[in-house]
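To be precise, the following lines are my_file.txt, and they hold compact mmCIF, C-alpha atoms.
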```
# COMPACT_ATOMS: atom_id res chain seq x y z
CA MET A 1 0.00 0.00 0.00
CA GLN A 2 1.33 3.40 -0.94
CA SER A 3 2.01 5.76 1.96
CA PRO A 4 -0.14 8.90 2.04
CA PRO A 5 1.57 12.18 1.22
CA ARG A 6 3.09 14.07 4.12
CA GLY A 7 0.74 16.23 6.17
CA ARG A 8 -2.46 14.38 5.23
CA ARG A 9 -4.59 12.32 7.55
CA LEU A 10 -4.60 8.69 6.46
CA ASP A 11 -8.38 8.45 6.85
CA ALA A 12 -8.90 11.60 4.75
CA VAL A 13 -7.46 10.07 1.58
CA THR A 14 -9.38 7.89 -0.84
CA GLY A 15 -8.31 6.33 -4.09
CA PRO A 16 -6.34 6.08 -6.21
CA PHE A 17 -9.16 6.46 -8.71
CA THR A 18 -8.91 5.53 -12.37
CA PRO A 19 -10.68 6.91 -15.46
CA ARG A 20 -13.36 4.23 -14.96
CA THR A 21 -14.14 5.18 -11.37
CA PRO A 22 -17.75 6.47 -11.27
CA ARG A 23 -16.73 9.65 -9.46
CA VAL A 24 -14.23 10.49 -12.20
CA VAL A 25 -16.64 9.60 -15.00
CA ALA A 26 -19.39 11.78 -13.49
CA ALA A 27 -17.18 14.80 -12.86
CA GLY A 28 -15.00 14.63 -15.96
CA ARG A 29 -15.25 16.19 -19.33
CA GLY A 30 -17.49 13.37 -20.53
CA ALA A 31 -20.30 14.48 -18.20
CA PRO A 32 -23.08 16.42 -19.94
CA ARG A 33 -22.85 20.20 -19.58
CA ARG A 34 -26.41 20.27 -18.28
CA GLY A 35 -25.39 17.96 -15.47
CA ARG A 36 -22.38 20.04 -14.51
CA GLY A 37 -24.49 23.20 -14.51
CA ALA A 38 -27.13 21.57 -12.33
CA THR A 39 -24.57 20.60 -9.70
CA ARG A 40 -23.09 24.13 -9.84
CA ARG A 41 -19.51 22.96 -9.48
CA VAL A 42 -16.35 24.35 -11.02
CA GLN A 43 -12.83 22.96 -11.31
CA ALA A 44 -9.84 25.07 -10.28
CA ALA A 45 -6.59 23.61 -11.55
CA GLY A 46 -3.24 24.04 -9.86
CA PRO A 47 -2.21 24.74 -6.28
CA PRO A 48 -2.70 28.56 -6.26
CA ALA A 49 -6.32 28.31 -7.37
CA GLY A 50 -6.79 25.22 -5.25
CA ARG A 51 -5.81 27.01 -2.05
CA VAL A 52 -8.33 29.75 -2.69
CA ALA A 53 -11.02 27.41 -3.95
CA ARG A 54 -10.68 25.18 -0.90
CA ALA A 55 -12.61 27.71 1.18
CA ARG A 56 -15.40 27.77 -1.40
CA THR A 57 -15.99 24.08 -1.95
CA GLY A 58 -19.14 23.19 -0.04
CA PRO A 59 -21.11 19.97 -0.58
CA GLY A 60 -19.83 17.79 -3.38
CA GLY A 61 -16.47 19.50 -3.50
CA GLY A 62 -12.98 18.43 -2.59
CA VAL A 63 -9.42 18.13 -3.81
CA VAL A 64 -8.11 15.52 -6.24
CA GLY A 65 -4.59 14.98 -7.41
CA THR A 66 -1.98 12.48 -8.40
CA PRO A 67 -0.02 10.94 -5.50
CA ALA A 68 3.10 12.85 -6.52
CA ALA A 69 1.23 16.18 -6.67
CA LEU A 70 -0.52 15.67 -3.34
CA ASP A 71 2.88 14.92 -1.85
CA ARG A 72 4.42 18.00 -3.45
CA TYR A 73 1.57 20.25 -2.30
CA ALA A 74 1.01 18.57 1.05
CA ASP A 75 -0.10 21.83 2.69
CA LEU A 76 -3.00 22.09 0.26
CA ALA A 77 -4.08 18.52 0.89
CA ALA A 78 -3.65 18.85 4.64
CA GLY A 79 -5.68 22.06 4.70
CA ALA A 80 -8.51 20.40 2.81
CA ALA A 81 -8.45 17.46 5.19
CA ARG A 82 -8.60 19.78 8.21
CA ALA A 83 -11.65 21.40 6.64
CA ASP A 84 -13.25 17.96 6.37
CA LEU A 85 -13.12 18.04 2.59
CA PRO A 86 -12.44 14.81 0.71
CA VAL A 87 -8.93 14.40 -0.67
CA SER A 88 -8.74 11.83 -3.45
CA GLU A 89 -5.75 10.33 -5.21
CA VAL A 90 -6.17 9.75 -8.93
CA THR A 91 -3.99 8.27 -11.58
CA ASP A 92 -2.50 10.49 -14.28
CA GLU A 93 -5.01 9.05 -16.73
CA ALA A 94 -7.92 9.80 -14.39
CA LEU A 95 -6.76 13.40 -13.91
CA ALA A 96 -6.64 13.84 -17.69
CA ALA A 97 -10.19 12.49 -17.91
CA LEU A 98 -11.36 14.76 -15.09
CA THR A 99 -9.98 18.01 -16.44
CA GLU A 100 -10.58 19.78 -19.74
CA THR A 101 -6.85 20.09 -20.41
CA VAL A 102 -3.75 18.47 -19.03
CA THR A 103 -2.72 20.20 -15.80
CA PRO A 104 1.02 19.81 -15.17
CA GLN A 105 0.54 20.75 -11.51
CA GLY A 106 -1.39 17.51 -11.02
CA VAL A 107 -3.98 18.84 -8.55
CA VAL A 108 -7.53 20.11 -9.00
CA ALA A 109 -10.02 21.58 -6.54
CA VAL A 110 -13.71 21.08 -7.21
CA CYS A 111 -15.84 23.82 -5.66
CA ARG A 112 -19.27 25.36 -5.87
CA HIS A 113 -20.23 28.19 -8.20
CA LEU A 114 -19.52 31.61 -6.73
CA ASP A 115 -21.61 34.11 -8.68
CA VAL A 116 -23.76 36.56 -6.75
CA PRO A 117 -26.79 38.67 -7.77
CA LEU A 118 -26.01 42.10 -9.19
CA ASP A 119 -27.85 43.93 -6.43
CA ALA A 120 -25.86 42.05 -3.78
CA ALA A 121 -22.56 42.96 -5.46
CA LEU A 122 -23.54 46.64 -5.77
CA ALA A 123 -24.76 46.76 -2.18
CA ARG A 124 -21.12 46.32 -1.11
CA GLY A 125 -20.31 49.69 -2.67
CA PRO A 126 -17.66 48.78 -5.25
CA ARG A 127 -15.83 51.78 -6.69
CA LEU A 128 -14.67 49.93 -9.78
CA VAL A 129 -16.70 47.41 -11.78
CA ALA A 130 -15.90 45.67 -15.07
CA VAL A 131 -18.76 44.58 -17.34
CA LEU A 132 -18.10 42.00 -20.06
CA ALA A 133 -20.80 42.26 -22.73
CA GLY A 134 -20.88 39.77 -25.59
CA ILE A 135 -17.34 38.45 -25.04
CA ARG A 136 -17.34 34.85 -26.20
CA ASP A 137 -13.63 34.03 -26.03
CA PRO A 138 -13.02 32.39 -22.63
CA GLY A 139 -9.32 33.26 -22.60
CA ASN A 140 -10.07 36.95 -23.11
CA ALA A 141 -12.84 36.92 -20.52
CA GLY A 142 -10.67 35.20 -17.91
CA THR A 143 -7.79 37.59 -18.58
CA VAL A 144 -10.04 40.64 -18.13
CA LEU A 145 -11.35 39.11 -14.90
CA ARG A 146 -7.78 38.65 -13.67
CA THR A 147 -6.87 42.22 -14.67
CA ALA A 148 -9.95 43.66 -12.97
CA ASP A 149 -9.02 41.83 -9.78
CA ALA A 150 -5.45 43.15 -9.96
CA ALA A 151 -6.74 46.70 -10.49
CA GLY A 152 -8.90 46.46 -7.38
CA ALA A 153 -12.34 46.05 -8.97
CA GLY A 154 -15.03 44.91 -6.58
CA ALA A 155 -17.14 43.08 -9.16
CA VAL A 156 -16.97 41.66 -12.67
CA VAL A 157 -20.26 41.24 -14.53
CA PHE A 158 -20.68 38.66 -17.30
CA ALA A 159 -23.61 40.22 -19.14
CA GLY A 160 -25.78 39.07 -22.01
CA ASP A 161 -24.31 36.65 -24.52
CA THR A 162 -20.96 36.40 -22.74
CA VAL A 163 -19.01 33.20 -22.09
CA ASP A 164 -19.75 31.27 -18.91
CA PRO A 165 -17.28 32.39 -16.21
CA TYR A 166 -16.98 28.71 -15.21
CA ASN A 167 -15.78 27.64 -18.62
CA GLY A 168 -12.56 25.73 -17.97
CA LYS A 169 -10.38 28.00 -20.12
CA CYS A 170 -11.90 31.09 -18.49
CA VAL A 171 -11.21 29.71 -15.02
CA ARG A 172 -7.59 28.97 -15.92
CA ALA A 173 -7.08 32.38 -17.54
CA SER A 174 -8.39 34.07 -14.39
CA ALA A 175 -5.51 32.46 -12.45
CA GLY A 176 -7.53 32.31 -9.23
CA SER A 177 -9.14 35.74 -9.55
CA LEU A 178 -12.51 34.05 -10.04
CA PHE A 179 -12.39 33.46 -6.28
CA HIS A 180 -11.33 36.99 -5.29
CA VAL A 181 -13.99 39.32 -6.66
CA ASP A 182 -17.77 39.25 -6.89
CA VAL A 183 -18.69 37.51 -10.14
CA VAL A 184 -22.13 38.38 -11.49
CA ARG A 185 -24.03 36.76 -14.34
CA ALA A 186 -26.74 39.00 -15.81
CA ALA A 187 -28.99 38.34 -18.77
CA ASP A 188 -29.67 41.97 -19.77
CA PRO A 189 -26.68 44.30 -20.29
CA GLN A 190 -28.93 47.36 -20.41
CA ALA A 191 -30.34 46.48 -16.99
CA VAL A 192 -26.76 46.25 -15.74
CA VAL A 193 -26.03 49.79 -16.98
CA ASP A 194 -29.18 51.07 -15.27
CA ALA A 195 -28.25 49.33 -12.01
CA LEU A 196 -24.69 50.67 -12.06
CA ARG A 197 -25.93 54.21 -12.60
CA ALA A 198 -28.56 53.85 -9.86
CA ALA A 199 -25.77 52.71 -7.52
CA GLY A 200 -23.88 55.93 -8.17
CA LEU A 201 -21.32 54.67 -10.69
CA THR A 202 -20.36 56.51 -13.84
CA VAL A 203 -20.70 54.14 -16.81
CA LEU A 204 -17.96 54.32 -19.46
CA ALA A 205 -18.04 52.38 -22.72
CA THR A 206 -14.78 51.45 -24.44
CA THR A 207 -14.68 51.98 -28.18
CA GLY A 208 -12.01 52.82 -30.69
CA TYR A 209 -14.29 55.55 -32.04
CA GLY A 210 -15.09 57.17 -28.71
CA ASP A 211 -15.46 60.93 -28.47
CA SER A 212 -13.65 61.00 -25.10
CA ASP A 213 -9.91 60.38 -24.83
CA LEU A 214 -8.81 58.26 -21.86
CA ASP A 215 -5.72 60.36 -21.16
CA ASP A 216 -7.77 63.55 -21.26
CA LEU A 217 -10.33 62.15 -18.81
CA ALA A 218 -7.54 61.08 -16.46
CA ASP A 219 -5.78 64.46 -16.67
CA ARG A 220 -9.00 66.30 -15.85
CA GLY A 221 -9.79 64.09 -12.86
CA ARG A 222 -12.82 62.57 -14.57
CA LEU A 223 -11.90 59.01 -13.53
CA ALA A 224 -11.84 59.68 -9.79
CA ALA A 225 -15.51 58.80 -9.29
CA PRO A 226 -16.80 55.23 -8.86
CA THR A 227 -16.84 53.77 -12.36
CA GLY A 228 -18.27 50.85 -14.29
CA TRP A 229 -16.37 50.00 -17.48
CA LEU A 230 -18.12 48.28 -20.38
CA PHE A 231 -15.98 45.97 -22.51
CA GLY A 232 -17.18 44.28 -25.70
CA ALA A 233 -15.97 41.50 -27.95
CA GLU A 234 -12.59 42.00 -29.57
CA ALA A 235 -13.89 41.55 -33.11
CA HIS A 236 -17.14 43.54 -32.95
CA GLY A 237 -16.92 45.72 -29.86
CA LEU A 238 -19.94 46.73 -27.81
CA PRO A 239 -23.44 46.71 -29.29
CA GLY A 240 -24.43 50.17 -30.50
CA GLU A 241 -27.34 50.55 -28.11
CA LEU A 242 -25.16 49.68 -25.13
CA THR A 243 -22.46 52.11 -26.24
CA ALA A 244 -25.07 54.84 -26.54
CA ALA A 245 -26.45 54.08 -23.09
CA ALA A 246 -23.11 54.83 -21.36
CA ASP A 247 -22.30 58.19 -19.81
CA ALA A 248 -19.31 58.52 -22.13
CA ARG A 249 -17.66 56.61 -24.95
CA VAL A 250 -13.93 56.34 -24.32
CA ARG A 251 -11.09 55.55 -26.68
CA VAL A 252 -7.58 54.55 -25.66
CA PRO A 253 -5.14 56.88 -27.46
CA LEU A 254 -2.75 55.20 -29.88
CA HIS A 255 0.56 57.04 -30.11
CA GLY A 256 2.29 54.66 -32.48
CA ARG A 257 1.32 53.02 -35.75
CA ALA A 258 -0.74 50.14 -34.33
CA GLU A 259 -4.33 50.20 -35.53
CA SER A 260 -5.78 48.97 -32.25
CA LEU A 261 -5.22 47.18 -28.95
CA ASN A 262 -6.57 43.76 -28.21
CA LEU A 263 -9.34 43.45 -25.63
CA ALA A 264 -7.18 42.40 -22.70
CA ALA A 265 -4.67 45.21 -23.27
CA ALA A 266 -7.35 47.87 -23.66
CA ALA A 267 -9.14 46.65 -20.53
CA ALA A 268 -5.88 46.76 -18.55
CA VAL A 269 -5.15 50.34 -19.63
CA CYS A 270 -8.67 51.52 -18.74
CA LEU A 271 -8.96 49.69 -15.44
CA TYR A 272 -5.55 50.81 -14.23
CA ALA A 273 -6.28 54.41 -15.25
CA SER A 274 -9.34 54.25 -13.00
CA ALA A 275 -7.45 52.45 -10.24
CA ARG A 276 -4.81 55.17 -10.16
CA ALA A 277 -7.40 57.96 -10.15
CA LEU A 278 -9.44 56.33 -7.39
CA ARG A 279 -6.37 56.14 -5.16
CA ARG A 280 -5.38 59.78 -5.50
CA PRO A 281 -6.28 62.30 -2.77
CA ARG A 282 -9.95 63.17 -2.99
CA SER A 283 -9.21 66.87 -3.61
CA GLY A 284 -8.92 66.13 -7.31
CA ALA A 285 -12.01 63.97 -7.49
CA HIS A 286 -14.60 64.38 -10.21
CA PRO A 287 -17.59 66.24 -8.68
CA ALA A 288 -20.60 64.02 -8.08
CA GLY A 289 -23.36 64.49 -10.60
CA GLU A 290 -21.21 66.26 -13.18
CA PRO A 291 -21.29 64.46 -16.55
CA VAL A 292 -18.13 62.83 -17.81
CA THR A 293 -17.28 64.08 -21.30
```

Show this structure as C-alpha cells.
Amino acid sequence: MQSPPRGRRLDAVTGPFTPRTPRVVAAGRGAPRRGRGATRRVQAAGPPAGRVARARTGPGGGVVGTPAALDRYADLAAGAARADLPVSEVTDEALAALTETVTPQGVVAVCRHLDVPLDAALARGPRLVAVLAGIRDPGNAGTVLRTADAAGAGAVVFAGDTVDPYNGKCVRASAGSLFHVDVVRAADPQAVVDALRAAGLTVLATTGYGDSDLDDLADRGRLAAPTGWLFGAEAHGLPGELTAAADARVRVPLHGRAESLNLAAAAAVCLYASARALRRPRSGAHPAGEPVT
C-alpha cells in the first residue's frame, strides 16, 4: 500500500481512482454540460487556485490529485483534510479524464459556483466594476477578470451573450481571480447599466471611435468617481445601443502606428487608469453628478 503524502490524515485520503471510477466519470469532461451546470460545481486547476477554492468548496467539493502532486503540495491537501473536505488520489489518466486540459501541476479543486446577484454585489459599494458584454472568447474573458481583480475592482459582470465564467479556459485564464472578486451573471446588459448608474457609478463604454480620450479624462480628474467599465468582444466591440447608453464613450489613445489594442490590453489600460485615479487624494475627485465628457 502506498504511503499517504506528508501532512495528510490517512483516513482523509481515498483512491487512487482511475478513469473508470464512477466519481471520475461523473465529474470529468465526458459528463453532460447540463449535469455540470445543475450541480453548480467548477474545477480550479493548480495549487494557487486550489488554495483559494478550498474555502469555497461546499457539498460535493474536494481536492483531487496524483499521489506525486498531493505529496508536493502537502499543505493544500492537509488544509482540505482539516476542513473535512475529501482528498482523493487519482492516476495520471484519471486526472486527464477529469480536467478539460492536461494540468502539469497535477492537482484540482472542485468547488461550488460563486456568482452573486447584481444587487448584492452593488450593495457592497464597489468603486470599480468591469462589465463584459458579448465576449465569447473564454481566454479573453478570464484575462479581463484577472486584470480587474489586480486593479482592485469589486465586481466583474458577465452580461448578455458572454461566455460562462466557469468555462474551464476562463477559469484557468483568471488564475484564481474568479475566487477573489464578486462575479455576477446578468442576462440583460442594459439592466446592468441602469443598475450601475442607480448605484452611483459613472458608466464608461470602451470603443475605438469614442469621443472621449482616456488620457484627457484622467488628466481632468474625470476618472476619480466610482466607475463601471463596459468591454465588448474584440472583433465587434460593444453593441451600439449599449455604447449609446453609457455616460461617455472612451477611446484609448494610440501614439504609435498600431491600428488597435486587443481586448485584454485595452481593458488593462482603462482599469488601471481608474485604479490610479481612485487612489489619488480626494481633492482632485470628479464632482458628483457632473457628466463625464

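For the pair atom CA of Ser260 of chain A and atom CA of Gly210 of chain A, the separation is 12.9 Å.
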
Interatomic distance between atom CA of Val157 of chain A and atom CA of Asp216 of chain A?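 Between atom CA of Val157 of chain A and atom CA of Asp216 of chain A the gap is 26.4 Å.
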
Pick from A:Pro67, A:Gly232, A:Gly106, A:Gly79 nearest to Ala141 of chain A, counting only C-alpha atoms: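 Checking each of A:Pro67, A:Gly232, A:Gly106, A:Gly79 against Ala141 of chain A, counting only C-alpha atoms, the winner is A:Gly232.
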
Tell me which of A:Ala74, A:Ala151, A:Arg124, A:Gly228 sits closest to Ala195 of chain A, counting all atoms listed in the file.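 Looking only at the distances to Ala195 of chain A, the closest residue turns out to be A:Gly228.
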
At what distance in Å, to one decimal, does atom CA of Val64 of chain A lie from atom CA of Val108 of chain A?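 Those two atoms sit 5.4 Å apart.
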
At a cut-off of 9 Å from (-18.0, 37.4, -0.4) in the coordinates of the file, what residues are picked up using all atoms listed in the file, written as a ChimeraX atom specification? /A:114,116,121,180-182

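For the set A:Tyr272, A:Tyr73, A:Trp229, A:Tyr166, the residue with the smallest atom-to-atom gap to Gly142 of chain A is A:Tyr166, counting all atoms listed in the file.
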
Using all atoms listed in the file, find each residue of segment 123-150 of chain A with at least one atom at most 10 Å away from an atom of segment 233-242 of chain A; report its shortest atom-to-atom pair and that distance in Å (one decimal), sort the rows by chain and rising residue number, and return the result as CSV.
```
residue,atom,partner,partner_atom,distance
A:Leu132,CA,A:Ala233,CA,8.2
A:Ala133,CA,A:Leu238,CA,6.8
A:Gly134,CA,A:Ala233,CA,5.7
A:Ile135,CA,A:Ala233,CA,4.4
A:Arg136,CA,A:Ala233,CA,7.0
A:Asp137,CA,A:Ala233,CA,8.1
A:Asn140,CA,A:Glu234,CA,8.6
A:Ala141,CA,A:Ala233,CA,9.3
```

Calculated over only C-alpha atoms, which of the candidates A:Ala264, A:Pro189, A:Asp213, A:Ala198 has the smallest distance to Thr243 of chain A? A:Pro189

Given only C-alpha atoms, how would the per-residue table for segment 173-245 of chain A near segment 274-280 of chain A read, listing every residue at most 9 Å away with its closest atom pair and distance in Å to one decimal, sorted by chain and number, as CSV?
```
residue,atom,partner,partner_atom,distance
A:Ala218,CA,A:Ala277,CA,7.0
A:Gly221,CA,A:Ala277,CA,7.1
A:Arg222,CA,A:Ala277,CA,8.4
A:Leu223,CA,A:Ser274,CA,5.4
A:Ala224,CA,A:Leu278,CA,4.8
A:Ala225,CA,A:Leu278,CA,6.8
A:Pro226,CA,A:Leu278,CA,7.6
A:Thr227,CA,A:Ser274,CA,7.5
```
